[in-house]
Structures are given as structure tokens and as C-alpha cells.
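Colleague: Input structure: entry35.cif, which contains mmCIF, C-alpha atoms.
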```cif
data_run
#
loop_
_atom_site.label_atom_id
_atom_site.label_comp_id
_atom_site.auth_asym_id
_atom_site.auth_seq_id
_atom_site.Cartn_x
_atom_site.Cartn_y
_atom_site.Cartn_z
CA MET K 87 116.36 80.26 95.13
CA PRO K 88 114.36 79.83 91.91
CA ARG K 89 110.57 79.80 91.91
CA PRO K 90 109.24 76.26 92.46
CA PHE K 91 106.57 76.77 89.80
CA ALA K 92 106.38 77.70 86.14
CA VAL K 93 105.78 81.42 86.37
CA ARG K 94 107.78 83.89 84.31
CA THR K 95 108.16 87.36 85.78
CA ASP K 96 109.04 90.17 83.36
CA ARG K 97 110.02 93.40 85.08
CA LEU K 98 109.57 96.54 83.03
CA ARG K 99 110.28 100.08 84.08
CA PRO K 100 108.41 103.09 82.55
CA SER K 101 106.25 102.72 79.68
CA ALA K 102 100.41 102.57 76.78
CA ALA K 103 93.17 100.89 75.35
CA GLY K 104 90.01 100.72 73.41
CA PRO K 105 86.31 101.03 73.22
CA SER K 106 83.94 98.74 75.01
CA THR K 107 80.39 98.47 76.11
CA VAL K 108 78.96 98.17 79.59
CA PRO K 109 77.71 94.59 80.01
CA ALA K 110 74.09 93.69 80.63
CA ARG K 111 75.07 92.69 84.18
CA ARG K 112 74.89 96.33 85.28
CA ALA K 113 71.37 96.72 83.89
CA ARG K 114 70.22 93.69 85.82
CA ARG K 115 71.52 95.22 89.02
CA GLY K 116 69.96 98.56 88.33
CA GLY K 117 73.37 100.20 88.62
CA ARG K 118 75.48 100.80 91.68
CA ARG K 119 76.88 103.88 93.37
CA PRO K 120 75.54 106.35 90.72
CA LEU K 121 77.86 109.18 91.71
CA LEU K 122 80.98 107.04 91.54
CA ALA K 123 79.80 105.49 88.29
CA ALA K 124 79.36 108.94 86.78
CA VAL K 125 82.84 109.94 87.89
CA ALA K 126 84.26 106.75 86.41
CA LEU K 127 82.53 107.34 83.07
CA ALA K 128 83.73 110.92 82.93
CA ALA K 129 87.29 109.87 83.68
CA SER K 130 87.03 107.09 81.13
CA ALA K 131 85.85 109.47 78.42
CA ALA K 132 88.81 111.72 79.09
CA LEU K 133 91.31 108.94 78.45
CA THR K 134 92.42 108.09 74.95
CA ALA K 135 91.49 104.71 73.51
CA SER K 136 94.03 103.41 71.05
CA CYS K 137 94.02 99.65 71.02
CA SER K 138 91.75 96.63 70.96
CA SER K 139 90.26 94.84 73.94
CA PRO K 140 91.75 91.67 75.48
CA GLY K 141 91.57 88.61 73.28
CA ALA K 142 91.85 90.57 70.02
CA SER K 143 95.63 90.91 70.08
CA ALA K 144 97.82 88.34 68.40
CA ASP K 145 100.18 88.91 71.31
CA ALA K 146 97.54 87.54 73.69
CA GLY K 147 98.42 84.11 72.36
CA ALA K 148 96.35 81.00 71.95
CA SER K 149 98.79 79.07 74.14
CA ASP K 150 97.94 77.50 77.46
CA GLU K 151 98.76 80.58 79.50
CA VAL K 152 97.03 83.62 80.92
CA LYS K 153 99.05 86.75 81.58
CA VAL K 154 98.62 88.90 84.69
CA ALA K 155 100.14 92.38 84.88
CA LEU K 156 101.12 93.51 88.37
CA VAL K 157 101.26 97.30 88.13
CA THR K 158 102.48 98.63 91.46
CA SER K 159 105.04 100.85 93.16
CA VAL K 160 108.52 99.35 93.08
CA SER K 161 109.99 102.84 93.33
CA GLY K 162 108.57 106.10 94.67
CA PRO K 163 107.29 107.07 98.13
CA LEU K 164 105.30 103.86 98.72
CA ALA K 165 107.77 101.40 97.21
CA SER K 166 107.92 99.41 100.46
CA TYR K 167 104.17 98.81 100.22
CA GLY K 168 104.58 97.56 96.69
CA GLU K 169 107.37 95.20 97.67
CA GLN K 170 105.24 93.69 100.46
CA TYR K 171 102.42 93.22 97.98
CA LEU K 172 104.65 91.49 95.42
CA GLN K 173 106.09 89.13 98.01
CA GLY K 174 102.59 88.28 99.26
CA PHE K 175 101.41 87.68 95.69
CA GLU K 176 104.26 85.28 95.00
CA ALA K 177 103.49 83.31 98.17
CA GLY K 178 99.75 83.35 97.43
CA LEU K 179 100.22 82.12 93.88
CA ASP K 180 102.42 79.30 95.09
CA HIS K 181 99.82 78.27 97.68
CA ALA K 182 96.73 78.65 95.49
CA THR K 183 98.25 76.62 92.64
CA GLY K 184 99.86 73.95 94.81
CA GLY K 185 103.31 75.12 93.78
CA THR K 186 102.68 74.61 90.05
CA GLY K 187 101.85 78.12 88.89
CA GLU K 188 99.07 76.55 86.83
CA VAL K 189 95.28 76.24 86.97
CA ASP K 190 93.74 73.30 85.10
CA GLY K 191 96.81 73.14 82.88
CA VAL K 192 96.81 76.88 82.18
CA ARG K 193 100.05 78.59 83.17
CA ILE K 194 99.80 81.97 84.94
CA THR K 195 102.49 84.29 83.62
CA VAL K 196 103.19 87.27 85.85
CA LEU K 197 104.42 90.58 84.35
CA GLU K 198 105.63 93.21 86.82
CA ASP K 199 105.51 96.94 86.05
CA ASP K 200 106.61 99.87 88.23
CA ASP K 201 104.17 102.80 88.27
CA ALA K 202 106.41 104.71 90.72
CA GLY K 203 103.25 106.06 92.37
CA ASP K 204 102.53 108.20 89.30
CA PRO K 205 98.93 108.06 87.94
CA ALA K 206 99.99 108.96 84.39
CA LYS K 207 102.65 106.27 84.35
CA GLY K 208 100.24 103.74 85.85
CA VAL K 209 97.62 104.42 83.17
CA SER K 210 100.25 104.25 80.42
CA LEU K 211 101.48 100.87 81.66
CA VAL K 212 97.96 99.50 81.92
CA LYS K 213 97.13 100.63 78.39
CA LYS K 214 100.30 98.98 77.13
CA ARG K 215 99.44 95.67 78.81
CA ILE K 216 95.82 95.77 77.65
CA GLY K 217 97.08 96.41 74.13
CA GLN K 218 99.16 93.23 74.44
CA GLY K 219 96.00 91.30 75.27
CA VAL K 220 96.61 90.92 79.00
CA PRO K 221 93.17 90.22 80.56
CA ILE K 222 94.05 90.80 84.24
CA ILE K 223 95.62 93.87 85.87
CA ALA K 224 96.47 93.85 89.60
CA GLY K 225 98.58 95.46 92.23
CA THR K 226 98.13 99.19 92.67
CA VAL K 227 99.30 100.72 95.96
CA VAL K 228 98.49 104.42 95.52
CA SER K 229 94.83 105.46 95.63
CA GLY K 230 95.36 108.22 93.09
CA VAL K 231 96.77 105.68 90.62
CA ALA K 232 94.03 103.12 91.25
CA THR K 233 91.18 105.55 90.60
CA GLN K 234 92.70 106.38 87.21
CA ILE K 235 93.24 102.75 86.23
CA ALA K 236 89.74 101.52 87.15
CA PRO K 237 87.92 103.40 84.33
CA VAL K 238 90.47 102.17 81.78
CA ALA K 239 89.86 98.59 82.90
CA ALA K 240 86.09 99.00 82.55
CA GLN K 241 86.41 100.70 79.17
CA ASN K 242 88.41 97.75 77.88
CA ARG K 243 86.58 94.94 79.70
CA THR K 244 89.71 93.99 81.62
CA LEU K 245 89.65 92.49 85.11
CA TYR K 246 91.26 94.84 87.63
CA VAL K 247 92.17 93.66 91.14
CA SER K 248 93.51 96.64 93.07
CA GLY K 249 96.15 96.19 95.76
CA PRO K 250 96.64 98.08 99.02
CA ALA K 251 95.08 101.30 97.60
CA ALA K 252 92.50 102.09 100.28
CA THR K 253 90.26 104.72 98.68
CA ASP K 254 86.55 103.97 99.05
CA ALA K 255 86.00 105.24 95.50
CA LEU K 256 87.08 101.88 94.08
CA THR K 257 84.21 100.00 95.72
CA GLY K 258 81.33 99.91 93.28
CA ILE K 259 83.10 102.07 90.69
CA ASN K 260 82.43 99.56 87.86
CA ASP K 261 81.79 95.90 87.12
CA TYR K 262 85.41 95.04 86.38
CA THR K 263 87.14 96.47 89.46
CA PHE K 264 87.79 94.39 92.59
CA ARG K 265 90.08 94.89 95.55
CA SER K 266 92.49 92.67 97.48
CA GLY K 267 92.92 94.90 100.55
CA ARG K 268 90.79 96.80 102.98
CA GLN K 269 89.27 100.20 102.27
CA THR K 270 89.24 103.40 104.27
CA TYR K 271 85.66 102.91 105.45
CA GLN K 272 86.71 99.67 107.16
CA ASP K 273 89.48 101.53 108.98
CA VAL K 274 87.08 104.19 110.18
CA VAL K 275 84.38 101.74 111.27
CA THR K 276 87.07 99.91 113.23
CA ALA K 277 87.94 103.21 114.90
CA ARG K 278 84.28 103.77 115.70
CA GLU K 279 84.04 100.36 117.35
CA ILE K 280 87.21 101.02 119.34
CA LEU K 281 86.01 104.42 120.48
CA ALA K 282 82.56 103.10 121.34
CA ALA K 283 84.20 100.69 123.78
CA GLU K 284 86.11 103.46 125.53
CA GLU K 285 84.72 105.47 128.38
CA GLY K 286 83.25 108.79 127.35
CA ALA K 287 83.12 107.97 123.62
CA GLU K 288 79.48 108.95 123.23
CA GLY K 289 78.29 111.52 120.66
CA GLY K 290 78.73 115.25 120.94
CA LYS K 291 82.47 115.18 120.37
CA ASP K 292 84.79 117.34 118.29
CA VAL K 293 86.85 115.12 116.00
CA VAL K 294 89.80 116.23 113.90
CA VAL K 295 91.03 114.16 110.95
CA LEU K 296 94.77 114.70 110.51
CA ALA K 297 95.90 113.50 107.09
CA GLN K 298 97.83 114.42 103.98
CA ASP K 299 96.09 116.37 101.24
CA ASN K 300 95.98 113.55 98.70
CA ALA K 301 93.46 110.92 97.60
CA PHE K 302 94.18 108.73 100.63
CA GLY K 303 93.85 111.59 103.13
CA GLN K 304 90.75 113.06 101.51
CA ALA K 305 89.08 109.65 101.49
CA ASN K 306 89.78 109.25 105.20
CA ALA K 307 88.32 112.67 105.97
CA ALA K 308 85.17 111.84 104.02
CA ALA K 309 84.81 108.44 105.67
CA VAL K 310 85.23 109.83 109.18
CA GLU K 311 82.60 112.46 108.43
CA GLU K 312 80.22 109.76 107.19
CA VAL K 313 80.81 107.30 110.04
CA LEU K 314 81.43 109.53 113.06
CA GLY K 315 79.71 112.76 112.04
CA GLY K 316 76.19 113.54 113.26
CA ASP K 317 74.50 113.13 116.64
CA GLY K 318 76.19 116.32 117.75
CA THR K 319 79.69 115.22 116.69
CA THR K 320 81.57 117.62 114.44
CA VAL K 321 84.38 116.46 112.14
CA THR K 322 87.09 118.89 111.05
CA PRO K 323 89.72 117.85 108.49
CA VAL K 324 93.25 119.20 108.87
CA LEU K 325 95.11 118.25 105.69
CA ALA K 326 98.84 118.76 105.31
CA PRO K 327 100.69 119.13 101.99
CA PRO K 328 101.97 115.63 101.10
CA GLY K 329 105.56 116.81 100.76
CA ALA K 330 105.66 118.99 103.88
CA THR K 331 108.59 118.38 106.22
CA ASP K 332 107.82 121.07 108.81
CA LEU K 333 104.55 119.93 110.35
CA THR K 334 104.46 122.38 113.24
CA PRO K 335 101.84 124.62 111.56
CA THR K 336 99.69 121.55 110.94
CA ALA K 337 99.91 120.44 114.59
CA ARG K 338 98.94 123.92 115.72
CA LYS K 339 95.85 123.80 113.51
CA VAL K 340 94.88 120.54 115.21
CA LEU K 341 95.25 122.13 118.65
CA ALA K 342 93.33 125.22 117.58
CA ALA K 343 90.32 123.01 116.77
CA ASP K 344 90.27 121.93 120.45
CA PRO K 345 89.42 118.30 119.57
CA ASP K 346 88.26 115.54 121.86
CA MET K 347 89.58 112.98 119.39
CA VAL K 348 92.14 113.06 116.59
CA PHE K 349 91.95 110.44 113.84
CA VAL K 350 95.35 110.23 112.14
CA ALA K 351 95.62 108.79 108.61
CA TRP K 352 99.21 109.08 107.40
CA ALA K 353 101.37 107.25 104.87
CA GLY K 354 104.97 107.58 103.77
CA ASP K 355 108.33 108.55 105.18
CA THR K 356 107.25 111.70 107.04
CA ALA K 357 105.38 109.71 109.69
CA GLN K 358 108.15 109.95 112.28
CA SER K 359 108.31 113.72 111.90
CA MET K 360 104.54 113.92 112.20
CA TRP K 361 104.39 111.92 115.46
CA SER K 362 107.29 113.75 117.07
CA THR K 363 105.67 117.07 116.15
CA LEU K 364 102.34 116.03 117.68
CA GLU K 365 104.17 115.10 120.86
CA GLN K 366 106.19 118.32 120.96
CA GLN K 367 103.10 120.45 120.40
CA GLY K 368 101.14 118.69 123.15
CA VAL K 369 98.46 117.14 120.92
CA LEU K 370 98.82 113.73 122.57
CA GLU K 371 98.07 115.28 125.94
CA GLU K 372 95.00 117.17 124.80
CA ALA K 373 93.01 114.54 122.89
CA THR K 374 92.43 110.84 122.34
CA VAL K 375 94.47 109.93 119.28
CA VAL K 376 93.45 107.01 117.05
CA THR K 377 95.51 105.80 114.11
CA GLY K 378 96.23 102.78 111.97
CA LEU K 379 99.14 100.45 112.63
CA ASP K 380 101.96 101.17 110.19
CA ILE K 381 104.38 98.80 108.45
CA ARG K 382 107.24 97.25 110.43
CA ALA K 383 109.69 99.93 109.33
CA GLY K 384 107.27 102.49 110.73
CA TYR K 385 107.07 101.08 114.26
CA PRO K 386 109.94 103.25 115.57
CA ALA K 387 108.22 106.31 114.07
CA PHE K 388 105.63 106.23 116.84
CA GLY K 389 108.42 106.99 119.30
CA ALA K 390 107.21 108.01 122.73
CA ALA K 391 103.68 108.30 121.33
CA ARG K 392 103.22 104.53 121.10
CA ASP K 393 101.85 104.21 124.62
CA ARG K 394 99.41 107.08 124.20
CA ILE K 395 97.62 106.19 120.99
CA THR K 396 94.83 103.75 120.15
CA LEU K 397 95.69 101.48 117.23
CA LEU K 398 93.37 100.06 114.61
CA ALA K 399 94.99 97.51 112.34
CA HIS K 400 94.40 96.14 108.85
CA TYR K 401 96.77 93.31 109.79
CA VAL K 402 99.21 92.50 112.57
CA PRO K 403 102.13 90.25 111.56
CA GLY K 404 101.93 86.87 113.24
CA ALA K 405 98.46 87.48 114.63
CA THR K 406 96.48 84.87 112.68
CA ASN K 407 96.94 81.14 112.20
CA THR K 408 94.75 80.35 109.18
CA PRO K 409 96.14 77.79 106.71
CA GLU K 410 96.86 80.70 104.37
CA ALA K 411 98.76 82.63 107.07
CA GLU K 412 100.83 79.55 107.87
CA ALA K 413 101.52 78.94 104.17
CA MET K 414 102.60 82.54 103.70
CA ARG K 415 104.95 82.38 106.70
CA ALA K 416 106.50 79.13 105.51
CA TYR K 417 107.10 80.57 102.04
CA PHE K 418 108.53 83.79 103.49
CA ALA K 419 110.83 81.85 105.82
CA GLU K 420 112.21 79.98 102.82
CA LYS K 421 112.84 83.28 101.05
CA GLY K 422 114.22 85.11 104.08
CA TRP K 423 111.35 87.64 104.02
CA GLU K 424 109.29 89.10 106.87
CA GLU K 425 105.53 89.36 106.69
CA ASP K 426 104.26 92.91 106.98
CA LEU K 427 101.13 95.04 106.88
CA PHE K 428 100.38 94.57 103.17
CA SER K 429 101.63 91.02 102.68
CA PRO K 430 98.05 89.67 102.96
CA ASP K 431 96.89 91.99 100.17
CA GLY K 432 99.26 90.35 97.72
CA PHE K 433 98.37 86.87 98.93
CA THR K 434 94.65 87.63 98.59
CA ALA K 435 95.17 89.09 95.12
CA ALA K 436 96.79 85.83 94.02
CA GLN K 437 93.85 83.86 95.41
CA LEU K 438 91.46 86.05 93.40
CA VAL K 439 93.56 85.76 90.26
CA VAL K 440 93.67 81.97 90.50
CA ARG K 441 89.89 81.89 90.98
CA ALA K 442 89.50 84.15 87.93
CA VAL K 443 91.80 82.11 85.70
CA GLU K 444 90.06 78.93 86.78
CA ALA K 445 86.76 80.43 85.58
CA GLY K 446 88.08 82.22 82.48
CA GLY K 447 90.24 79.41 81.23
CA ARG K 448 92.94 79.65 78.55
CA ASP K 449 90.72 82.03 76.54
CA GLY K 450 90.94 84.64 79.32
CA ASP K 451 87.14 85.08 79.41
CA VAL K 452 86.90 88.21 81.56
CA GLU K 453 83.11 88.10 81.87
CA ALA K 454 83.37 84.61 83.32
CA MET K 455 86.12 85.83 85.67
CA VAL K 456 83.95 88.66 86.98
CA GLU K 457 81.00 86.34 87.56
CA ALA K 458 83.23 83.89 89.44
CA LEU K 459 84.63 86.56 91.75
CA GLU K 460 81.29 88.14 92.67
CA GLY K 461 80.21 86.60 95.96
CA PHE K 462 83.41 84.54 96.20
CA ALA K 463 83.94 83.44 99.82
CA PHE K 464 87.25 81.96 100.92
CA SER K 465 89.72 81.61 103.78
CA GLY K 466 92.42 84.27 103.65
CA VAL K 467 95.51 85.19 105.63
CA LYS K 468 93.40 87.34 107.94
CA GLY K 469 90.50 84.89 108.23
CA PRO K 470 87.10 84.49 106.53
CA THR K 471 86.94 86.75 103.47
CA ARG K 472 84.21 87.44 100.92
CA VAL K 473 83.76 89.58 97.82
CA ARG K 474 80.41 91.33 98.19
CA ALA K 475 78.64 90.66 94.90
CA GLU K 476 76.78 93.94 94.50
CA ASP K 477 79.74 96.33 94.81
CA HIS K 478 82.88 94.18 95.12
CA ALA K 479 83.74 95.37 98.65
CA LEU K 480 86.13 92.88 100.26
CA LEU K 481 84.63 91.84 103.59
CA GLN K 482 87.35 90.78 106.03
CA PRO K 483 88.31 90.90 109.72
CA MET K 484 89.92 94.00 111.20
CA PHE K 485 91.90 94.34 114.41
CA GLN K 486 92.59 96.51 117.43
CA ALA K 487 96.19 96.37 118.54
CA ALA K 488 98.62 97.69 121.12
CA PHE K 489 102.38 97.66 121.44
CA ASP K 490 103.85 95.04 123.75
CA GLY K 491 107.42 96.23 123.95
CA ASP K 492 108.75 96.83 120.46
CA LEU K 493 106.10 94.79 118.64
CA PRO K 494 102.32 95.14 118.33
CA SER K 495 99.87 92.44 119.30
CA VAL K 496 96.15 92.00 118.68
CA THR K 497 93.89 92.98 121.57
CA ARG K 498 90.60 92.55 119.73
CA THR K 499 89.42 91.01 116.45
CA LEU K 500 86.41 92.52 114.70
CA GLU K 501 84.54 90.10 112.46
CA PRO K 502 83.90 91.02 108.79
CA GLY K 503 80.23 91.85 109.28
CA LYS K 504 81.01 94.23 112.13
CA VAL K 505 83.21 96.42 109.93
CA ALA K 506 81.53 95.97 106.55
CA PRO K 507 81.33 99.10 104.38
#
```
Any chance you could put this one into C-alpha cells?
Modeller:
Amino acid sequence: MPRPFAVRTDRLRPSAAGPSTVPARRARRGGRRPLLAAVALAASAALTASCSSPGASADAGASDEVKVALVTSVSGPLASYGEQYLQGFEAGLDHATGGTGEVDGVRITVLEDDDAGDPAKGVSLVKKRIGQGVPIIAGTVVSGVATQIAPVAAQNRTLYVSGPAATDALTGINDYTFRSGRQTYQDVVTAREILAAEEGAEGGKDVVVLAQDNAFGQANAAAVEEVLGGDGTTVTPVLAPPGATDLTPTARKVLAADPDMVFVAWAGDTAQSMWSTLEQQGVLEEATVVTGLDIRAGYPAFGAARDRITLLAHYVPGATNTPEAEAMRAYFAEKGWEEDLFSPDGFTAAQLVVRAVEAGGRDGDVEAMVEALEGFAFSGVKGPTRVRAEDHALLQPMFQAAFDGDLPSVTRTLEPGKVAP
């Protein structure tokens, strides 16, 4: 059925930002996360700048509309994540605008672009949209894409609201980058709280982080080292090539480390092979295994391991009953969609975008948008949510879950302050 509000969605496949200055806001704060800021500046300097900043383009238009570019994976290895995000965004925009697609008479025009999980393509698309005068970029799924887009957004004074990309590097990277999902640190702190509640989870343990050798996996290894390392606990990363299909050598490396606990951070379509290999190699018998709940399509991938692992969860479908969760479910039911792990990220992104457009008005004043989002507290699909002003971390509830038959259910809710980065 057609959208019940005046939003045009332009889908583009493949396709490229300009000089700027760092606003005085950073000086007032005394800077944040110096190392990450330095990395961001270095990456920014390495990228070519070939067009003007938002507002300077005739294409930006003086009409009563603000354009939002959703750059995310519609194809590639994490396409399912991108689709969940887009569905959540559509539902969130409908809810946050009362079904009109407008804020104070300003129409929000959504432009969808497929980065296919490729950083180069993602940067090219973002540059193209910035060159067209689009003041808001949102949607990235892949951490490696998001960390390349963030410096471009800052360089061109463009608001960037990342999607499900979980890398901690985005938090505090610059004044213009926000996030609509959780970050790796929140996953790991949730794991720490879960383990602390289990018998024999005191310090002095050997922990192995099993992950893929990409930005997501490396971020998880670093976060586990920061959160669980120390007090006699050693953390050993075992990182598998992202495209590996035979994971037996990886499982044997895990066993060779003789771990007490294994923290598994895995994404993509090799999850089922990974879990079956861990079971075949006896890893599940030798250590406590903690991992994040996957998307619905990934539930069967746990196989026989589902009863022998401890689950932390960014979101569990059907687990919350906030007004936003109910609105999302009603919208999805009308569309014939199912809510999933990253549906709330899209819904939250739409809430942030509406807040930004409300503050920036038809002129697309990005500085006003940034100021309005910093410290913004609101009710989200998951519950009480707040953008931490000093570094733009998104404070939100996290969950512990267990399978009850074929479906997971929440066994414990951790409040935002308990799992704050």
C-alpha cells in the first residue's frame, strides 16, 4: 500500500565534498576523545574535497523540504540488516510526524542509496548527496563504512546519524556524528553484568574473543580487553578471516587457549557454520560461551548450541511495550513485516531526524540540528533513550535473553545507566 504521508523515496544504486571548519563548540568542550579525533582528521585529510557544503547548492532548494539520504546496505553481506533498518525508519518517520511526513510544514524527503557494504562506495554516495546540498546522512550498517563516512560529514558540516554500525570509534569521533543503535562497548558491558551474576565469574579468568578480522570484530576484541581485562583476567583475541568457510582451524585456536569464557562476536551468513564447528570441536563443553542474539533468520544457526550459550541482546522482538514499540508493530502489521534485531535502530534514527529537522527548519541549519540532538532524551522502542551531549553515545536499555522453544525471550533488562559506555 502507498505511504500515508508525503515522503518521496528515490532509490539509487552505485554512485560522489568540501572544505569546512571545526565549529567553536569543540573549543568550548575542550575536545573529546583526542585519539579518535586525530584519526578522524587524518582520514578526512586523505579524502578529496570537491564540492560545496550543504546550503550552497542550488539543488538544495529553497522549497519547504529537507532531504535525508539513507546510505545503507541493500545488497552485500549485511543486506538483511539494512532492510530492517529501512523498515524501522519508515515506521519511525510515520510515528514521529503523525503520519504526515512533515515537521512544522517542512516535508522530509527520503533518498535511499545502497553502499553494498563497501566503504569506497559509501563515501562516494555521501559525497554525491552532500554535493546536492543534502544536510542529513543516515543509515550505515557496516562499521568499516561508517568510520569512513564520519570524517566526510564533519569536513562538510553535515549531520550524520549512523545506523546499526556498532564500532565504538564513532562515539566522540566528531561534532556532527551521532548514532541510532547500540555500540560494541554496550554489548560487552552487558556481558560483564551477565557474567558477574553467574557463579564463579570473578576475576582471574582466561577469556577468548572469537570474532571476524574486520572493524566489527576488532572493536569487540578491544572492548572486551578494556571491560573484562585486568584483575588477573587475560583476554586473547582469535580473529577469523571474514570470508572463511572452514572454521575448524579457528575453533582449534580457541581450544588451544584453554579459556574459561569465550565471547563470540559474529555477523553474516557464516554464523551457522561457526556454531556447528564450535560444537563439533567441543568448545561449548570446555568454556562458558557468551554471545549476542542474532536476527530472526539467524536463530536456527545456533542449532544445538542454543541451550548452552548465554545471550546478551541489543533488542528482542516483542519484548517491550513502549508507545514507540506498539506504533512500530502496528505499522509493520499493516505492511506485513516482522520486527527484528535492527528495526529499533531505524525507528530511532527517524526520531532523531525529525528532532533535527524541527530544529534546523527549512534552511537545513545543521548547527542548530546538532545542538538540538545533544542531550536529547526521548522514549524509544527499547525504552528510555538519551543522546549523551559530550560524545553522542546513545544511552539505552540492553537485555539478557534465553531461548524458550524456537523464540528468545527477555530474562533481564539492564537500564541505560548500567550499560553506559
Colleague: Work out how far apart atom CA of K:Val340 and atom CA of K:Val376 are and give it in Å to one decimal.
Modeller: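 Answer for the atom CA of K:Val340 to atom CA of K:Val376 separation: 13.7 Å.
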Colleague: Hey, which bits of stretch 308-374 of chain K sit within 12 Å of stretch 246-262 of chain K, and for each residue what's the closest pair of atoms and how far apart in Å (one decimal), counting all atoms listed in the file, rows by chain and increasing number, as JSON lines?
Modeller:
```
{"residue": "K:Ala308", "atom": "CA", "partner": "K:Asp254", "partner_atom": "CA", "distance": 9.4}
{"residue": "K:Ala309", "atom": "CA", "partner": "K:Asp254", "partner_atom": "CA", "distance": 8.2}
{"residue": "K:Val310", "atom": "CA", "partner": "K:Asp254", "partner_atom": "CA", "distance": 11.8}
{"residue": "K:Glu312", "atom": "CA", "partner": "K:Asp254", "partner_atom": "CA", "distance": 11.8}
{"residue": "K:Ala351", "atom": "CA", "partner": "K:Ala252", "partner_atom": "CA", "distance": 11.1}
{"residue": "K:Ala353", "atom": "CA", "partner": "K:Ala252", "partner_atom": "CA", "distance": 11.2}
```
Colleague: Using the chain letters and numbers from this file, what does the PyMOL selection byres ((chain K and resi 497) around 9) select? Give the answer as a list in words.
Modeller: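 Those residues are Phe485, Gln486, Ala487, Ala488, Ser495, Val496, Arg498 and Thr499 of chain K.
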Colleague: Hey, which of K:Ala202, K:Val467, K:Leu245, K:Val231 ends up closest to K:Ala454? Count all atoms listed in the file.
Modeller: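 Comparing K:Ala202, K:Val467, K:Leu245, K:Val231 against K:Ala454, the winner is K:Leu245.
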Colleague: If the PyMOL selection byres ((chain K and resi 314) around 12) were run on this exact file, what residues would it hold? Put them as number ranges by chain.
Modeller: K: 271, 274-279, 281-282, 287-295, 306-313, 315-322, 347-349
Colleague: With distances taken over all atoms listed in the file, which residue among K:Phe264, K:Phe428, K:Phe418, K:Trp361 lies nearest K:Tyr401?
Modeller: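 Once distances to K:Tyr401 are computed over all atoms listed in the file, the minimum belongs to K:Phe428.
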Colleague: Nearest to K:Ile222: which of K:Leu156, K:Ala405, K:Pro205, K:Thr471 is it, counting all atoms listed in the file?
Modeller: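 Distance minimum relative to K:Ile222 lands on K:Leu156.
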Colleague: Can you spell out as a ChimeraX atom specification the set of residues that the PyMOL selection byres ((chain K and resi 480) around 12) selects in the structure I just provided?
Modeller: /K:247-250,252,254,256-258,263-272,431,434-435,438,459-464,466,468,470-479,481-484,502-503,505-507
Colleague: In Å, with one decimal, what is the gap from atom CA of K:Leu333 to atom CA of K:Arg392?
Modeller: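 Taking atom CA of K:Leu333 as the start and atom CA of K:Arg392 as the end point, the length is 18.8 Å.
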Colleague: With all atoms listed in the file as the basis for distance, which of K:Val452, K:Ala387, K:Ala411, K:Ala445 is at the shortest distance from K:Ala177?
Modeller: K:Ala411
Colleague: So, with all atoms listed in the file as the atoms that count, which of K:Ala458, K:Val440, K:Ala283, K:Val212 lies closest to K:Val189?
Modeller: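 With all atoms listed in the file as the atom set, the closest residue is K:Val440.
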